[in-house]
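A.B. asks: Handing you this structure, nothing more for now.
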Amino acid sequence: MESSILIPTDFSKNSWNAMLYAIKLFEDRKCSFYILHAYAKETYGLDSLSLLDPDEAFNKTSENNSKKGLRETIARLHSLNKNTKHSFYAVSESMSLLSAVKNLNKKIQFDLLVLGAKGSANKNEAAYGQHTLEILKNVKENPILIVPGNVDFNQPKEIVLTTNFNTNIKKSEIEYLVTIAKLSNASIQVLSLEQPSNLSFGQKRNKVKLRNQLKDVAHSFNTLRNVKMAIALNCFVAIRHSNMISYVDKKPSFWERFGFGRLSLNNLGYYAEVPVLAIHSK
């Protein structure tokens, strides 16, 4: 089965690293990679050329830079990746990144979005970028893999899935998580703060369903208590050297028992060396 994967780029080191990670992760799978660059005019910072004819000058220069950057990126990818299972397509759009992602997603219905954790404009070393968080908040049709710039690719051997079993995670929602685990021959470690003896009937039922949905991959259930999920997750990943984190982006109440409030990727903490797979409810 072929996968269609969208990877936005701002031509930064972070977005390049996200591309390399995705290519290596899916090296044994037939994939079409769509490399997207979007540009939109800002309302400030006009240079002397654009002052002469703002719209025309900006559009022409930005379009040329976008297409040139994409040509160079695709050529570079071809030179590094000789995998005949992979195809690359360049897409340049004169609009905001979010609008470009949503519009293209409607046309192609991607199996996965892969984002760099931050772009070239983000200088905060311990936070995800604004565009990354914006796409996570507004694009709910696809699983989204966030790749930090410091990640050196190794096939994932262990993926941590966080849940408190209050939510019935559907098979379709974790399908791509299972796919990645199969491709990498990785185990899935389910991490919860809920002690098995304290689970309600509904939680026990959801746990059984999740166990059945993971039956085709190695998995186990783990419990930590008396600590917030962000701390528990950080310690768990550090001690076990886990290679990927996953969470299901449901509704805010899913996280309230973990001491969060409103759901966001930042609530999990920032991971400079571990990719995060966000799974949205259907």
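Following the order of the structure tokens, chains are lettered A, B, ..., residues in each are numbered from 1, and ligands are numbered from 1.
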Tell me, as a list of chain:residue names, which residues lie within 7 Å of Gly149 in chain A, counting only C-alpha atoms; anything in the same chain fewer than 3 positions away does not count.
C.D. replies: A:Lys13, A:Asn14, A:Asn17, A:Gly116, A:Ala117
A.B. asks: Can you list every residue of range 98-123 of chain A that has an atom at most 12 Å from range 18-25 of chain A, with its nearest atom pair and the distance in Å to one decimal, using only C-alpha atoms, ordered by chain then number, as JSON lines?
C.D. replies:
```
{"residue": "A:Leu112", "atom": "CA", "partner": "A:Ala22", "partner_atom": "CA", "distance": 10.0}
{"residue": "A:Leu113", "atom": "CA", "partner": "A:Ala22", "partner_atom": "CA", "distance": 9.7}
{"residue": "A:Val114", "atom": "CA", "partner": "A:Ala18", "partner_atom": "CA", "distance": 6.7}
{"residue": "A:Leu115", "atom": "CA", "partner": "A:Ala18", "partner_atom": "CA", "distance": 6.3}
{"residue": "A:Gly116", "atom": "CA", "partner": "A:Ala18", "partner_atom": "CA", "distance": 5.2}
{"residue": "A:Ala117", "atom": "CA", "partner": "A:Ala18", "partner_atom": "CA", "distance": 8.3}
{"residue": "A:Lys118", "atom": "CA", "partner": "A:Ala18", "partner_atom": "CA", "distance": 10.2}
{"residue": "A:Gly119", "atom": "CA", "partner": "A:Ala18", "partner_atom": "CA", "distance": 11.0}
```
A.B. asks: Residues of range 188-253 of chain A in strand (DSSP E) according to DSSP, as a ChimeraX atom specification?
C.D. replies: /A:188-192,219-223,244-249
A.B. asks: Within range 109-210 of chain A, find each residue whose DSSP state, derived from the backbone, is helix (DSSP H, G or I), and express the selection as a PyMOL selection string.
C.D. replies: chain A and resi 130-138+171-173+175-184+196-198+201-210
A.B. asks: Excluding range 189-197 of chain A and residues on its chain fewer than 2 positions from it, collect all residues at most 9 Å away from it, counting only C-alpha atoms, and give them as a list in words.
C.D. replies: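 The filter keeps Glu158, Ile159, Val160, Leu161, Thr162, Thr163, Asn164, Phe165, Ser187, Leu199, Ser200, Lys204, Ala218, His219, Ser220, Phe221, Asn222, Thr223, Leu224, Arg225, Asn226, Val227, Lys228, Met229, Ala232, Leu233, Phe236 and Phe258 of chain A.
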